[in-house]
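Asker: Just so it is clear, I am handing over structure_11.cif, which has mmCIF, C-alpha atoms.
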data_final
#
loop_
_atom_site.label_atom_id
_atom_site.label_comp_id
_atom_site.auth_asym_id
_atom_site.auth_seq_id
_atom_site.Cartn_x
_atom_site.Cartn_y
_atom_site.Cartn_z
CA MET A 273 2.51 -28.01 34.49
CA LYS A 274 3.39 -26.21 31.25
CA ARG A 275 -0.12 -24.75 31.20
CA VAL A 276 0.51 -23.28 34.64
CA ILE A 277 3.75 -21.62 33.48
CA ILE A 278 2.17 -20.21 30.32
CA GLY A 279 -0.93 -19.04 32.18
CA SER A 280 1.09 -17.43 34.99
CA LEU A 281 3.40 -15.72 32.51
CA LEU A 282 0.50 -14.37 30.42
CA LEU A 283 -1.32 -13.10 33.49
CA THR A 284 1.81 -11.43 34.85
CA ILE A 285 2.52 -9.84 31.46
CA SER A 286 -1.05 -8.50 31.45
CA GLN A 287 -0.55 -7.04 34.93
CA TRP A 288 2.72 -5.29 34.15
CA TYR A 289 1.50 -4.19 30.71
CA ALA A 290 -1.49 -2.51 32.38
CA PHE A 291 0.73 -0.90 35.03
CA PHE A 292 3.28 0.51 32.57
CA LEU A 293 0.65 1.61 30.04
CA PHE A 294 -1.32 3.38 32.77
CA SER A 295 1.87 4.99 34.09
CA GLN A 296 2.86 6.25 30.64
CA PHE A 297 -0.59 7.64 29.87
CA SER A 298 -0.79 9.33 33.28
CA PHE A 299 1.93 11.79 32.26
CA ILE A 300 0.74 12.21 28.66
CA VAL A 301 -3.05 12.50 28.88
CA PHE A 302 -3.49 14.30 32.20
CA SER A 303 -2.10 17.40 33.90
CA GLU A 304 1.16 17.02 35.84
CA PHE A 305 -0.55 16.95 39.25
CA ILE A 306 -3.23 14.42 38.25
CA GLY A 307 -0.69 12.34 36.34
CA LEU A 308 1.68 12.20 39.30
CA SER A 309 -1.23 11.32 41.61
CA ILE A 310 -2.28 8.46 39.31
CA PHE A 311 1.32 7.23 39.09
CA ILE A 312 1.89 7.20 42.85
CA MET A 313 -1.55 5.67 43.46
CA GLY A 314 -0.38 2.65 41.50
CA PHE A 315 2.47 1.95 43.95
CA ILE A 316 0.29 2.46 47.03
CA SER A 317 -2.41 0.17 45.63
CA ARG A 318 0.19 -2.50 44.88
CA ALA A 319 1.18 -2.59 48.54
CA LEU A 320 -2.46 -2.86 49.62
CA GLY A 321 -3.09 -5.56 47.02
CA SER A 322 -0.23 -7.63 48.40
CA ILE A 323 -2.03 -7.72 51.75
CA LEU A 324 -5.56 -8.30 50.38
CA PHE A 325 -4.79 -11.02 47.84
CA GLY A 326 -2.00 -12.41 50.01
CA TYR A 327 -4.64 -13.08 52.66
CA ILE A 328 -6.83 -14.88 50.11
CA GLY A 329 -3.88 -16.84 48.70
CA ASP A 330 -2.68 -18.03 52.10
CA LYS A 331 -6.06 -18.51 53.80
CA ILE A 332 -8.19 -19.89 50.96
CA SER A 333 -6.09 -21.05 47.99
CA ARG A 334 -3.46 -19.89 45.51
CA ARG A 335 -5.80 -20.51 42.59
CA THR A 336 -8.63 -18.43 44.05
CA ALA A 337 -6.29 -15.49 44.63
CA LEU A 338 -4.83 -15.62 41.11
CA LEU A 339 -8.26 -15.87 39.49
CA LEU A 340 -9.51 -12.91 41.52
CA THR A 341 -6.50 -10.78 40.55
CA GLY A 342 -7.28 -11.53 36.90
CA ILE A 343 -10.96 -10.65 37.30
CA THR A 344 -10.01 -7.42 39.09
CA LEU A 345 -7.66 -6.52 36.24
CA ILE A 346 -10.41 -7.12 33.66
CA ILE A 347 -12.80 -4.84 35.56
CA SER A 348 -10.08 -2.21 35.84
CA SER A 349 -9.38 -2.32 32.09
CA LEU A 350 -13.03 -2.16 31.07
CA ILE A 351 -14.09 0.78 33.24
CA VAL A 352 -11.29 2.89 31.72
CA LEU A 353 -13.64 3.21 28.73
CA ILE A 354 -15.90 5.43 30.87
CA PRO A 355 -14.79 9.08 30.33
CA ASN A 356 -14.68 10.21 33.94
CA ILE A 357 -11.62 11.24 35.98
CA PHE A 358 -12.92 9.60 39.15
CA ILE A 359 -13.39 6.34 37.24
CA ILE A 360 -9.77 6.65 36.08
CA PHE A 361 -8.59 6.77 39.69
CA ILE A 362 -10.80 3.80 40.59
CA SER A 363 -9.39 1.89 37.63
CA ARG A 364 -5.81 2.67 38.69
CA ILE A 365 -6.53 1.55 42.25
CA LEU A 366 -8.04 -1.74 41.05
CA GLN A 367 -5.15 -2.30 38.67
CA GLY A 368 -2.59 -1.65 41.41
CA LEU A 369 -4.41 -3.96 43.82
CA SER A 370 -4.44 -6.67 41.19
CA LEU A 371 -0.73 -6.42 40.35
CA GLY A 372 0.16 -6.22 44.04
CA GLY A 373 -1.41 -9.62 44.62
CA GLU A 374 -0.57 -11.36 41.37
CA TRP A 375 3.25 -11.21 41.11
CA GLY A 376 3.91 -13.05 44.36
CA GLY A 377 1.03 -15.40 43.63
CA ALA A 378 2.42 -16.42 40.25
CA SER A 379 5.92 -16.79 41.69
CA THR A 380 4.64 -18.86 44.62
CA VAL A 381 2.65 -21.15 42.32
CA ILE A 382 5.65 -21.76 40.04
CA ILE A 383 8.05 -22.45 42.90
CA GLU A 384 5.61 -24.80 44.64
CA THR A 385 4.73 -26.58 41.38
CA TYR A 386 8.41 -27.17 40.58
CA SER A 387 9.59 -27.48 44.19
CA SER A 388 11.81 -30.49 43.49
CA HIS A 389 13.12 -29.44 40.06
CA ARG A 390 16.87 -28.88 39.88
CA LEU A 391 16.36 -25.82 37.62
CA ARG A 392 13.69 -24.27 39.82
CA GLY A 393 15.34 -20.85 39.68
CA THR A 394 15.52 -20.91 35.88
CA ILE A 395 11.85 -21.76 35.61
CA ALA A 396 10.89 -19.06 38.13
CA SER A 397 12.90 -16.47 36.18
CA ILE A 398 10.50 -16.97 33.27
CA ILE A 399 7.90 -15.05 35.30
CA GLN A 400 10.39 -12.18 35.62
CA LEU A 401 10.50 -11.90 31.82
CA SER A 402 7.01 -10.41 32.05
CA VAL A 403 8.50 -7.01 32.96
CA PRO A 404 10.67 -6.41 29.85
CA ILE A 405 7.98 -7.98 27.62
CA ALA A 406 5.34 -5.69 29.15
CA ILE A 407 7.45 -2.56 28.70
CA ILE A 408 8.10 -3.43 25.07
CA LEU A 409 4.36 -3.99 24.54
CA SER A 410 3.30 -0.79 26.32
CA SER A 411 5.89 1.33 24.48
CA SER A 412 4.87 -0.22 21.14
CA THR A 413 1.21 0.42 21.94
CA LEU A 414 2.03 4.04 22.72
CA LEU A 415 3.85 4.39 19.40
CA LEU A 416 0.93 2.89 17.43
CA ILE A 417 -1.54 5.19 19.18
CA PHE A 418 0.45 8.27 18.16
CA LEU A 419 1.07 7.03 14.60
CA TYR A 420 -2.52 6.04 13.84
CA SER A 421 -4.46 8.33 16.22
CA ILE A 422 -6.05 5.40 18.07
CA PRO A 423 -8.15 6.47 21.11
CA TRP A 424 -5.99 5.74 24.14
CA ARG A 425 -8.81 4.23 26.23
CA GLU A 426 -9.47 1.47 23.68
CA SER A 427 -5.88 0.26 24.02
CA PHE A 428 -6.76 -1.20 27.44
CA LEU A 429 -8.99 -3.77 25.74
CA ILE A 430 -5.81 -5.66 24.82
CA ILE A 431 -5.28 -6.23 28.56
CA THR A 432 -8.75 -7.74 28.87
CA ILE A 433 -8.08 -10.12 25.96
CA LEU A 434 -4.69 -11.26 27.35
CA THR A 435 -6.20 -11.84 30.78
CA LEU A 436 -9.13 -13.84 29.40
CA ILE A 437 -6.64 -16.10 27.62
CA ALA A 438 -4.57 -16.55 30.80
CA LEU A 439 -7.37 -17.32 33.28
CA PRO A 440 -8.39 -20.76 31.87
CA LEU A 441 -4.74 -21.84 31.91
CA ILE A 442 -4.26 -21.12 35.62
CA ARG A 443 -7.38 -23.05 36.58
CA GLY A 444 -5.04 -26.03 36.82
CA VAL A 445 -3.31 -24.50 39.84
CA ASN A 446 -3.69 -26.60 42.97
CA LYS A 447 -6.59 -25.27 45.06
CA GLU A 448 -5.41 -26.98 48.23
CA LYS A 449 -6.56 -25.16 51.36
CA LEU A 450 -3.75 -24.18 53.71
CA LEU A 451 -3.53 -24.39 57.48
CA SER A 452 -2.87 -20.76 58.34
CA SER A 453 -5.01 -20.09 61.41
CA LYS A 454 -4.11 -16.42 61.85
CA ILE A 455 -3.97 -13.34 59.65
CA PRO A 456 -1.04 -14.26 57.34
CA LEU A 457 0.58 -10.81 57.32
CA PHE A 458 0.53 -10.53 61.13
CA GLU A 459 1.85 -14.07 61.45
CA ALA A 460 4.66 -13.34 59.00
CA ILE A 461 5.62 -10.12 60.77
CA MET A 462 5.52 -11.76 64.20
CA ASN A 463 7.41 -14.93 63.25
CA ASP A 464 9.53 -13.93 60.28
CA TRP A 465 10.16 -10.18 60.40
CA LYS A 466 13.89 -10.65 59.89
CA ASN A 467 13.35 -12.36 56.52
CA ILE A 468 10.85 -9.66 55.54
CA LEU A 469 13.52 -7.01 56.17
CA LYS A 470 16.13 -9.07 54.31
CA THR A 471 13.98 -9.59 51.21
CA ILE A 472 12.98 -5.92 51.17
CA SER A 473 16.65 -4.94 51.31
CA ILE A 474 17.45 -7.31 48.43
CA LYS A 475 14.73 -5.81 46.24
CA VAL A 476 15.27 -2.05 46.81
CA SER A 477 18.45 -1.67 44.73
CA GLU A 478 16.95 -3.51 41.76
CA SER A 479 13.79 -1.40 41.95
CA ALA A 480 15.83 1.82 42.05
CA ASN A 481 17.95 0.53 39.17
CA PHE A 482 14.95 -0.35 37.01
CA TYR A 483 12.99 2.88 37.40
CA VAL A 484 16.12 4.97 36.86
CA PHE A 485 17.30 3.29 33.66
CA SER A 486 13.85 2.68 32.15
CA THR A 487 11.91 5.84 33.02
CA TYR A 488 13.66 8.49 35.11
CA ILE A 489 16.58 8.61 32.69
CA PHE A 490 14.34 10.74 30.44
CA SER A 491 14.25 13.57 32.96
CA LEU A 492 17.98 13.29 33.66
CA TYR A 493 19.02 13.52 30.00
CA SER A 494 15.95 14.73 28.16
CA ASN A 495 18.02 16.52 25.51
CA LEU A 496 19.00 13.26 23.80
CA LYS A 497 16.64 12.52 20.90
CA GLU A 498 17.88 8.94 20.60
CA LEU A 499 17.23 8.14 24.27
CA PRO A 500 13.90 6.28 23.72
CA ILE A 501 15.64 3.92 21.28
CA ILE A 502 18.52 3.38 23.71
CA VAL A 503 16.09 2.52 26.52
CA LEU A 504 14.19 0.11 24.27
CA GLU A 505 17.44 -1.60 23.26
CA ALA A 506 18.41 -1.92 26.92
CA ILE A 507 15.04 -3.50 27.73
CA ILE A 508 15.29 -5.95 24.80
CA PHE A 509 18.67 -7.06 26.19
CA GLN A 510 16.81 -8.40 29.23
CA LEU A 511 14.91 -10.95 27.15
CA PHE A 512 18.21 -12.81 26.89
CA THR A 513 20.09 -11.85 30.05
CA MET A 514 17.27 -12.55 32.50
CA PRO A 515 16.91 -16.29 31.69
CA LEU A 516 20.71 -16.53 31.70
CA PHE A 517 21.00 -15.18 35.23
CA GLY A 518 18.04 -17.34 36.28
CA PHE A 519 19.99 -20.37 35.05
CA LEU A 520 23.16 -19.19 36.80
CA SER A 521 21.20 -18.91 40.06
CA ASP A 522 20.67 -22.68 39.86
CA ILE A 523 24.35 -23.29 39.18
CA ILE A 524 26.28 -20.86 41.40
CA GLY A 525 23.49 -19.82 43.79
CA ARG A 526 20.96 -16.99 44.17
CA ARG A 527 23.18 -14.91 46.46
CA LEU A 528 26.20 -14.89 44.14
CA VAL A 529 24.08 -13.84 41.16
CA VAL A 530 22.73 -10.89 43.18
CA ILE A 531 26.30 -9.92 44.18
CA ILE A 532 27.31 -9.98 40.51
CA GLY A 533 24.31 -7.76 39.76
CA LEU A 534 25.38 -5.26 42.42
CA ILE A 535 28.89 -5.02 41.00
CA ILE A 536 27.53 -4.44 37.50
CA MET A 537 25.02 -1.88 38.85
CA SER A 538 27.80 0.13 40.45
CA ILE A 539 29.63 0.24 37.10
CA GLY A 540 26.45 1.30 35.27
CA SER A 541 25.73 4.03 37.81
CA TYR A 542 29.24 5.38 37.35
CA LEU A 543 28.85 5.40 33.55
CA LEU A 544 25.58 7.33 33.83
CA THR A 545 27.25 9.79 36.18
CA LEU A 546 29.82 10.42 33.46
CA LYS A 547 26.91 10.78 31.00
CA ILE A 548 28.10 7.81 28.95
CA ILE A 549 24.46 7.11 28.24
CA TYR A 550 24.41 4.22 25.77
CA TYR A 551 26.81 1.94 27.60
CA GLY A 552 25.48 3.08 30.97
CA GLU A 553 21.94 2.07 30.00
CA ILE A 554 23.02 -1.32 28.67
CA VAL A 555 25.09 -2.05 31.77
CA MET A 556 22.23 -0.99 34.06
CA SER A 557 19.89 -3.26 32.11
CA ILE A 558 22.23 -6.23 32.53
CA SER A 559 22.63 -5.53 36.24
CA ASP A 560 18.85 -5.29 36.63
CA SER A 561 18.53 -8.72 35.00
CA ALA A 562 21.01 -10.21 37.46
CA LEU A 563 19.25 -8.63 40.42
CA TYR A 564 15.71 -9.41 39.23
CA ALA A 565 16.03 -12.91 37.76
CA PRO A 566 16.51 -14.75 41.11
CA GLN A 567 13.98 -12.66 43.05
CA SER A 568 11.01 -14.97 42.47
CA SER A 569 13.08 -17.82 43.84
CA ILE A 570 14.58 -15.94 46.79
CA PHE A 571 11.30 -14.40 47.93
CA THR A 572 9.14 -17.49 47.71
CA GLU A 573 11.77 -19.99 48.89
CA THR A 574 12.56 -17.91 51.96
CA PHE A 575 9.12 -17.89 53.59
CA ASN A 576 7.00 -20.54 55.29
CA LYS A 577 4.17 -21.97 53.20
CA LYS A 578 1.55 -20.71 55.67
CA TYR A 579 2.23 -17.09 54.75
CA ARG A 580 4.48 -17.40 51.69
CA PHE A 581 2.00 -15.73 49.31
CA THR A 582 1.49 -12.74 51.62
CA ALA A 583 5.07 -12.29 52.84
CA SER A 584 6.70 -12.46 49.41
CA ASN A 585 4.15 -10.07 47.91
CA PHE A 586 4.30 -7.63 50.82
CA SER A 587 8.12 -7.55 50.85
CA TYR A 588 8.27 -7.04 47.08
CA GLN A 589 5.71 -4.24 46.93
CA THR A 590 7.10 -2.43 49.98
CA ALA A 591 10.58 -2.49 48.45
CA SER A 592 9.14 -1.17 45.17
CA ILE A 593 7.92 1.95 46.97
CA ILE A 594 11.26 2.48 48.76
CA GLY A 595 13.29 1.87 45.60
CA GLY A 596 11.05 2.55 42.60
CA ALA A 597 9.19 5.59 43.94
CA LEU A 598 11.69 7.08 46.40
CA ALA A 599 14.90 6.79 44.37
CA PRO A 600 13.68 9.00 41.46
CA LEU A 601 12.34 11.49 44.01
CA LEU A 602 15.70 11.70 45.79
CA ILE A 603 17.60 12.00 42.52
CA SER A 604 15.29 14.78 41.30
CA ASP A 605 16.08 16.81 44.43
CA TYR A 606 19.77 15.91 44.61
CA SER A 607 20.81 15.09 41.05
CA ASN A 608 24.44 15.99 41.85
CA LEU A 609 24.44 13.10 44.35
CA PHE A 610 23.23 10.54 41.79
CA ILE A 611 26.12 8.12 42.23
CA PHE A 612 25.96 8.28 46.02
CA ILE A 613 22.20 7.65 46.07
CA MET A 614 22.63 4.59 43.84
CA LEU A 615 25.56 3.32 45.93
CA SER A 616 23.43 3.71 49.06
CA TYR A 617 20.82 1.36 47.59
CA ILE A 618 23.57 -1.07 46.58
CA ALA A 619 24.91 -1.00 50.16
CA ILE A 620 21.46 -1.84 51.56
CA THR A 621 21.22 -4.89 49.30
CA CYS A 622 24.77 -5.93 50.23
CA ILE A 623 23.68 -6.08 53.87
CA GLY A 624 20.55 -8.05 53.03
CA ILE A 625 22.34 -10.59 50.82
CA HIS A 626 25.00 -11.08 53.52
CA PHE A 627 22.44 -12.17 56.10
CA ILE A 628 19.89 -14.06 54.01
CA GLU A 629 20.14 -17.83 53.64
CA GLU A 630 21.09 -19.34 50.29
CA THR A 631 17.99 -21.07 48.87
CA LYS A 632 19.49 -22.87 45.87
CA GLY A 633 18.70 -26.55 46.27
CA LYS A 634 16.72 -25.88 49.45
CA GLY A 635 13.77 -28.23 49.88
CA ILE A 636 10.42 -26.45 50.16
CA VAL A 637 6.93 -27.72 50.89
#
Please go through the file and, once you have read it, give me the structure as structure tokens.

Answerer:
Amino acid sequence: MKRVIIGSLLLTISQWYAFFLFSQFSFIVFSEFIGLSIFIMGFISRALGSILFGYIGDKISRRTALLLTGITLIISSLIVLIPNIFIIFISRILQGLSLGGEWGGASTVIIETYSSHRLRGTIASIIQLSVPIAIILSSSTLLLIFLYSIPWRESFLIITILTLIALPLIRGVNKEKLLSSKIPLFEAIMNDWKNILKTISIKVSESANFYVFSTYIFSLYSNLKELPIIVLEAIIFQLFTMPLFGFLSDIIGRRLVVIIGLIIMSIGSYLLTLKIIYYGEIVMSISDSALYAPQSSIFTETFNKKYRFTASNFSYQTASIIGGALAPLLISDYSNLFIFIMLSYIAITCIGIHFIEETKGKGIV
């Protein structure tokens, strides 16, 4: 079982590391139009990947889907070495597809493997640590490239190495074939559309929070030279706060932890509105941890096993577009309404958390 956790964590770190590294390079290496196109393509591909690999995970087996996402990521990372702009777009599409299928797959595998464990939420939150770890790795890689003039394409080989280490570890995942007789996404939408809407609503505020405090903050307050260090400190905070909130989700419940996260997010948004940057960033980081830590548990525990892989992935990736891609766009056009935009996302999650069932201690199969 420990091999499954380590393998899933390594594979998820590889996925997010590739996504963040690609996103950062898209605005540094290429023109603004091409860079923005590459960035947005990543989000669209993630949504498509949730459907493609979700189908494989629910119709064939969890293990097959996870292995294929890893192989797709390796191909994506290797073809980056080819100096051709069309190849770059193909690589980004493959990488987005891979991440779109892998997150929910890893979360599903962990939850199903530890279905009867009393600290199931804590264990699942380990997968969520992949995001802060990946951002720290990608930012450090970027720094090393600039300091030592390393060719940026070669940096993607690290992703290939990490993935090759992870794949043998996840071979121990149960390859049991499931009894889903229909197309999983259609079945989930037909039978469980309410839970899809609820989980999307729970995710959107966290996604908006994350992309504002970790990336878009640079365009809001670009005059601060110390901002990159502040953002890095805020991300490092999550290495400690995310497991804490994962543990609390097993003690006081997933829903209450999310509510705590929303309260903290509202405070952080207010601090950023007042341009109290350092404390605002730290508070937003803590709120993101509270919102993100229980998501693996909530998403995978909410849906039926027949379409759990697909539904959790699809809900997550759809919410990422609405929150992660749309929120920065809205703020860029209406920066004077920053606090109201953030509060709107908080309100959406409040509605979702009010209606969704508490899954702490819920038996799953």

Asker: Give me the result of the PyMOL selection byres ((chain A and resi 482-487) around 7) on this file, residue by residue, as a short mmCIF file (atom, residue, chain, number, x, y, z; two decimals) with C-alpha atoms, in the frame of the given file.

Answerer:
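Listed below is the output, part22.cif:
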data_model
loop_
_atom_site.label_atom_id
_atom_site.label_comp_id
_atom_site.auth_asym_id
_atom_site.auth_seq_id
_atom_site.Cartn_x
_atom_site.Cartn_y
_atom_site.Cartn_z
CA GLU A 478 16.95 -3.51 41.76
CA SER A 479 13.79 -1.40 41.95
CA ALA A 480 15.83 1.82 42.05
CA ASN A 481 17.95 0.53 39.17
CA TYR A 488 13.66 8.49 35.11
CA ILE A 489 16.58 8.61 32.69
CA PHE A 490 14.34 10.74 30.44
CA VAL A 503 16.09 2.52 26.52
CA GLU A 553 21.94 2.07 30.00
CA MET A 556 22.23 -0.99 34.06
CA ASP A 560 18.85 -5.29 36.63
CA GLY A 596 11.05 2.55 42.60
CA PRO A 600 13.68 9.00 41.46
#

Asker: Which residues, named as in the file, does the PyMOL selection byres ((chain A and resi 563-575) around 6) pick out? Answer as a count of residues only.

Answerer: 17

Asker: As an exercise, work out the distance from CA of Ile628 (chain A) to CA of Ile536 (chain A) in Å and give it to one decimal place.

Answerer: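 Answer for the CA of Ile628 (chain A) to CA of Ile536 (chain A) separation: 20.6 Å.
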
Asker: With distances taken over only C-alpha atoms, which of A:Pro355, A:Pro423, A:Pro404, A:Gly525 is nearest to Thr284 (chain A)?

Answerer: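 Residue with the minimum atom-to-atom distance to Thr284 (chain A): A:Pro404.
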
Asker: When you count only C-alpha atoms, which of these residues is closest to Glu384 (chain A): A:Leu598, A:Ile277, A:Phe305, A:Ser521?

Answerer: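 Counting only C-alpha atoms, the residue closest to Glu384 (chain A) is A:Ile277.
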
Asker: Return the single residue from A:Gly326, A:Ile502, A:Asn356, A:Val403 that is closest to Ile548 (chain A), with distances computed using all atoms listed in the file.

Answerer: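 Nearest to Ile548 (chain A): A:Ile502.
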
Asker: Of the candidates A:Leu434, A:Ile395, A:Ala597, A:Leu499, which shows the shortest atom-to-atom distance to Leu283 (chain A), using all atoms listed in the file?

Answerer: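 That would be A:Leu434, the residue with the smallest distance to Leu283 (chain A).
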
Asker: For region 374-378 of chain A, find every residue with an atom within 9 Å (counting only C-alpha atoms), except residues of its own chain fewer than 5 positions away, and show them as an NGL selection string.

Answerer: :A and (277 or 280-281 or 283-284 or 287 or 321-322 or 325-326 or 329 or 334-335 or 337-338 or 341-342 or 369 or 383 or 399 or 568 or 571-572 or 580-586 or 588)

Asker: Taking all atoms listed in the file into account, which of A:Tyr542, A:Phe519, A:Tyr579, A:Phe291 comes nearest Lys632 (chain A)?

Answerer: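 Of the candidates, the smallest distance to Lys632 (chain A) is held by A:Phe519.
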
Asker: From the list A:Glu505, A:Gln589, A:Leu520, A:Glu630, which residue is nearest Tyr551 (chain A) when using all atoms listed in the file?

Answerer: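 The closest residue to Tyr551 (chain A) is A:Glu505.
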
Asker: Add whatever atoms are absent from region 522-536 of chain A to reach N, CA and C atoms, and provide the output as a short mmCIF file (atom, residue, chain, number, x, y, z; two decimals), keeping the file's coordinate frame.

Answerer:
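Output file selection.cif is given in full below:
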data_model
loop_
_atom_site.label_atom_id
_atom_site.label_comp_id
_atom_site.auth_asym_id
_atom_site.auth_seq_id
_atom_site.Cartn_x
_atom_site.Cartn_y
_atom_site.Cartn_z
N ASP A 522 20.76 -21.25 39.55
CA ASP A 522 20.67 -22.68 39.86
C ASP A 522 22.03 -23.35 39.89
N ILE A 523 23.01 -22.71 39.28
CA ILE A 523 24.35 -23.29 39.18
C ILE A 523 25.27 -22.78 40.29
N ILE A 524 25.34 -21.45 40.43
CA ILE A 524 26.28 -20.86 41.40
C ILE A 524 25.57 -20.30 42.64
N GLY A 525 24.24 -20.28 42.62
CA GLY A 525 23.49 -19.82 43.79
C GLY A 525 22.83 -18.47 43.58
N ARG A 526 21.70 -18.25 44.29
CA ARG A 526 20.96 -16.99 44.17
C ARG A 526 21.79 -15.81 44.68
N ARG A 527 22.46 -16.01 45.81
CA ARG A 527 23.18 -14.91 46.46
C ARG A 527 24.31 -14.40 45.58
N LEU A 528 25.06 -15.31 44.96
CA LEU A 528 26.20 -14.89 44.14
C LEU A 528 25.74 -14.13 42.90
N VAL A 529 24.62 -14.55 42.32
CA VAL A 529 24.08 -13.84 41.16
C VAL A 529 23.69 -12.41 41.54
N VAL A 530 23.09 -12.24 42.72
CA VAL A 530 22.73 -10.89 43.18
C VAL A 530 23.99 -10.05 43.40
N ILE A 531 25.03 -10.64 43.97
CA ILE A 531 26.30 -9.92 44.18
C ILE A 531 26.88 -9.46 42.85
N ILE A 532 26.84 -10.35 41.85
CA ILE A 532 27.31 -9.98 40.51
C ILE A 532 26.50 -8.80 39.98
N GLY A 533 25.18 -8.85 40.20
CA GLY A 533 24.31 -7.76 39.76
C GLY A 533 24.65 -6.44 40.42
N LEU A 534 25.01 -6.48 41.69
CA LEU A 534 25.38 -5.26 42.42
C LEU A 534 26.68 -4.65 41.88
N ILE A 535 27.62 -5.50 41.56
CA ILE A 535 28.89 -5.02 41.00
C ILE A 535 28.64 -4.34 39.65
N ILE A 536 27.84 -5.01 38.82
CA ILE A 536 27.53 -4.44 37.50
C ILE A 536 26.73 -3.14 37.64
#
